[in-house]
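Below: one structure, written as structure tokens.
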Amino acid sequence: MTFPVYPEIAPWAYALAFGVVFVAAIVQSTVGMGFGQVAAPLLLLIHTDFVPVPILIMGMAVAVLSSLRGWREVAVGDLGVALFGRMVGAVAAGLVLFYVASNAAFSLLFATLILLAIGLSLGKWKVSPSPKMLLLAGSASGFMGTITSVGAPPMGIVYQHSPGPKVRATLNAFFALGTVISLSALGWFGQLRLDHVMLAIVLTPALLAGTWISKYLTSFVDRRFRKLVLGISAASALAVIWKALI
């Protein structure tokens with residue numbers, strides 16, 4: 001038996017994909033980042049058609065739902081500065097991809113800088129979400145996200161000392177709007193297909209279940225918020241390095 005949207009994907013593969021999306025939705029909803037970092041490598045192993053468009057669509061959906069749930073906590077001023085930086089970074093990345101044949105060196109450079117920033121953060125260096133840092137983090141996020149599809153770590157590092165509810169709502173809003181930009185670009189270049197959308201819709205029940213469950217886990221996450229943010233950022237940077245080296 002197969003599913004009509006993608007007949008070549010077996011039922012067991014869908015079952016595994018449901019589990020991955022469920023866990024990734026919980027991570028994104030409770031921390032404000034991490035859906036792509038959790039879902040992308042695992043779904044890629046299950047079937048290549050799950051990546052990247054269906055993940056972008058589902059990640060955007062989770063971020064929208066989570067930001068709406070905590071909309072009162074969204075730091076609108078921070079969001080505007082960071083989104084402007086994201087657009088600048090995305091344009092810069094587009095120019096790099098256009099003029100440079102290989103982007104592995106840039107991926108390695110940015111991932112190494114992220115690990116260095118995490119190391120400094122574990123010491124006495126304290127980062128705060130000032131306009132300058134938000135602009136820098138937003139630009140780095142846009143650049144990294146465009147080239148490597150992993151753009152969360154810079155924003156996570158900037159917000160690591162902020163209250164969980166504020167970070168959760170603001171980062172989810174940031175990634176929801178940022179993903180719209182990415183999907184628009186993919187659509188412009190003909191990479192957004194109806195079957196990709198249908199595949200994301202098929203996995204939506206798992207996404208909704210994970211988002212619903214997450215509201216019961218926020219207090220647990222908030223007590224360990226900084227460790228979780230830095231842990232996800234470090235794992236993301238290491239994944240970028242691994243991808244660049246293989």
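Labels for the structure tokens follow display order: chains A, B, ..., residues from 1 in each chain, ligands from 1.
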**Q.** Exercise: Val38 (chain A) partners within 9 Å, only C-alpha atoms, chain neighbours under 4 positions left out, as a ChimeraX atom specification
**A.** /A:20-21,23-24,27,34,42-43,232,236
Those residues you just picked out, can you put them in a file as a PDB file, in the first residue's frame with C-alpha atoms?
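Listed below is the output, part11.pdb:
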```pdb
ATOM      1  CA  VAL A  20      10.222  13.356  13.253  1.00  0.00           C
ATOM      2  CA  VAL A  21       7.849  16.250  12.497  1.00  0.00           C
ATOM      3  CA  VAL A  23       9.353  16.090  17.793  1.00  0.00           C
ATOM      4  CA  ALA A  24      10.640  18.958  15.629  1.00  0.00           C
ATOM      5  CA  VAL A  27      11.326  21.860  19.785  1.00  0.00           C
ATOM      6  CA  GLY A  34      15.175  24.113  15.850  1.00  0.00           C
ATOM      7  CA  LEU A  42      16.314  12.860   9.574  1.00  0.00           C
ATOM      8  CA  LEU A  43      13.707  13.446   6.867  1.00  0.00           C
ATOM      9  CA  ILE A 232      20.758  23.512  19.425  1.00  0.00           C
ATOM     10  CA  SER A 236      23.423  23.156  14.001  1.00  0.00           C
TER      11      SER A 236
END
```
Can you pull out the residues contacting Ala176 (chain A)? Cut-off 9 Å, using only C-alpha atoms, and skip same-chain residues under 6 positions away; I want them as a tab-separated table (two decimals) with C-alpha atoms, in the first residue's frame.
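Okay, this is what ended up in out_19.tsv:
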```tsv
chain	number	residue	atom	x	y	z
A	59	GLY	CA	8.59	25.13	9.74
A	60	MET	CA	6.78	28.30	8.71
A	61	ALA	CA	3.45	26.84	9.87
A	62	VAL	CA	4.84	25.89	13.30
A	63	ALA	CA	6.47	29.30	13.69
A	64	VAL	CA	3.24	31.10	12.73
A	67	SER	CA	4.14	33.25	17.44
```
Just want the 10 Å neighbourhood of His47 (chain A), counted on only C-alpha atoms, with same-chain residues fewer than 3 positions away dropped. Output as a short mmCIF file (atom, residue, chain, number, x, y, z; two decimals) with N, CA and C atoms, in the first residue's frame.
```cif
data_model
loop_
_atom_site.label_atom_id
_atom_site.label_comp_id
_atom_site.auth_asym_id
_atom_site.auth_seq_id
_atom_site.Cartn_x
_atom_site.Cartn_y
_atom_site.Cartn_z
N GLU A 8 5.79 6.54 -4.37
CA GLU A 8 7.06 5.88 -4.13
C GLU A 8 7.48 5.89 -2.67
N ILE A 9 6.78 6.64 -1.82
CA ILE A 9 7.09 6.68 -0.40
C ILE A 9 6.22 5.65 0.33
N ALA A 10 6.86 4.71 1.00
CA ALA A 10 6.14 3.62 1.66
C ALA A 10 5.47 4.11 2.95
N ALA A 13 7.71 4.81 5.86
CA ALA A 13 8.46 6.07 5.75
C ALA A 13 7.62 7.24 6.24
N TYR A 14 6.32 7.22 5.90
CA TYR A 14 5.43 8.27 6.41
C TYR A 14 5.32 8.21 7.93
N ALA A 17 8.35 9.74 9.33
CA ALA A 17 8.31 11.19 9.09
C ALA A 17 7.36 11.88 10.06
N LEU A 42 17.02 14.13 9.41
CA LEU A 42 16.31 12.86 9.57
C LEU A 42 15.36 12.60 8.41
N LEU A 43 14.63 13.63 7.99
CA LEU A 43 13.71 13.45 6.87
C LEU A 43 14.47 13.19 5.57
N LEU A 44 15.65 13.78 5.46
CA LEU A 44 16.47 13.54 4.28
C LEU A 44 16.87 12.07 4.18
N PHE A 50 11.28 15.02 0.99
CA PHE A 50 10.82 15.75 2.17
C PHE A 50 11.59 17.06 2.35
N VAL A 51 12.73 17.17 1.68
CA VAL A 51 13.63 18.32 1.86
C VAL A 51 13.88 18.98 0.50
#
```
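Non-sequential neighbours of region 86-88 of chain A (distance at most 6 Å, separation of 3 or more positions within a chain, only C-alpha atoms) are Leu83, Val91, Gly138, Ser139 and Gly142 of chain A.
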Q. Tell me, which residues of region 16-125 of chain A carry DSSP alpha helix (DSSP H), written as a ChimeraX atom specification?
A. /A:16-31,35-46,53-69,76-99,104-121
Q: Please identify all polymer residues within 10 Å of Gly187 (chain A), counting only C-alpha atoms, omitting same-chain residues fewer than 6 positions from it, and present them as a count of residues only.
A: 3
Q.
Set the distance at 10 Å and use only C-alpha atoms: which residues neighbour Val150 (chain A) once local chain neighbours fewer than 6 positions away are removed? I'd like the list as number ranges by chain.
A. A: 34, 36-37, 40, 107, 111, 141-144, 233, 236-237, 239-240
(Q) Need the shell around region 206-215 of chain A: protein/DNA/RNA residues with any atom at most 8 Å away, counting only C-alpha atoms. Skip same-chain ones fewer than 2 positions apart. Format as a PyMOL selection string? (A) chain A and resi 18-19+21-27+29-30+58+62+65-66+203-204+217-218
(Q) Please determine, counting only C-alpha atoms, which residue among A:Leu171, A:Ala185, A:Ile46, A:Ala15 has the shortest atom-to-atom distance to Thr146 (chain A). (A)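 Smallest separation from Thr146 (chain A) among the options: A:Ala185.
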Q | For CA of Lys132 (chain A) and CA of Val81 (chain A), the interatomic separation in Å (one decimal) | A |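 That distance, rounded to one decimal, is 8.7 Å.
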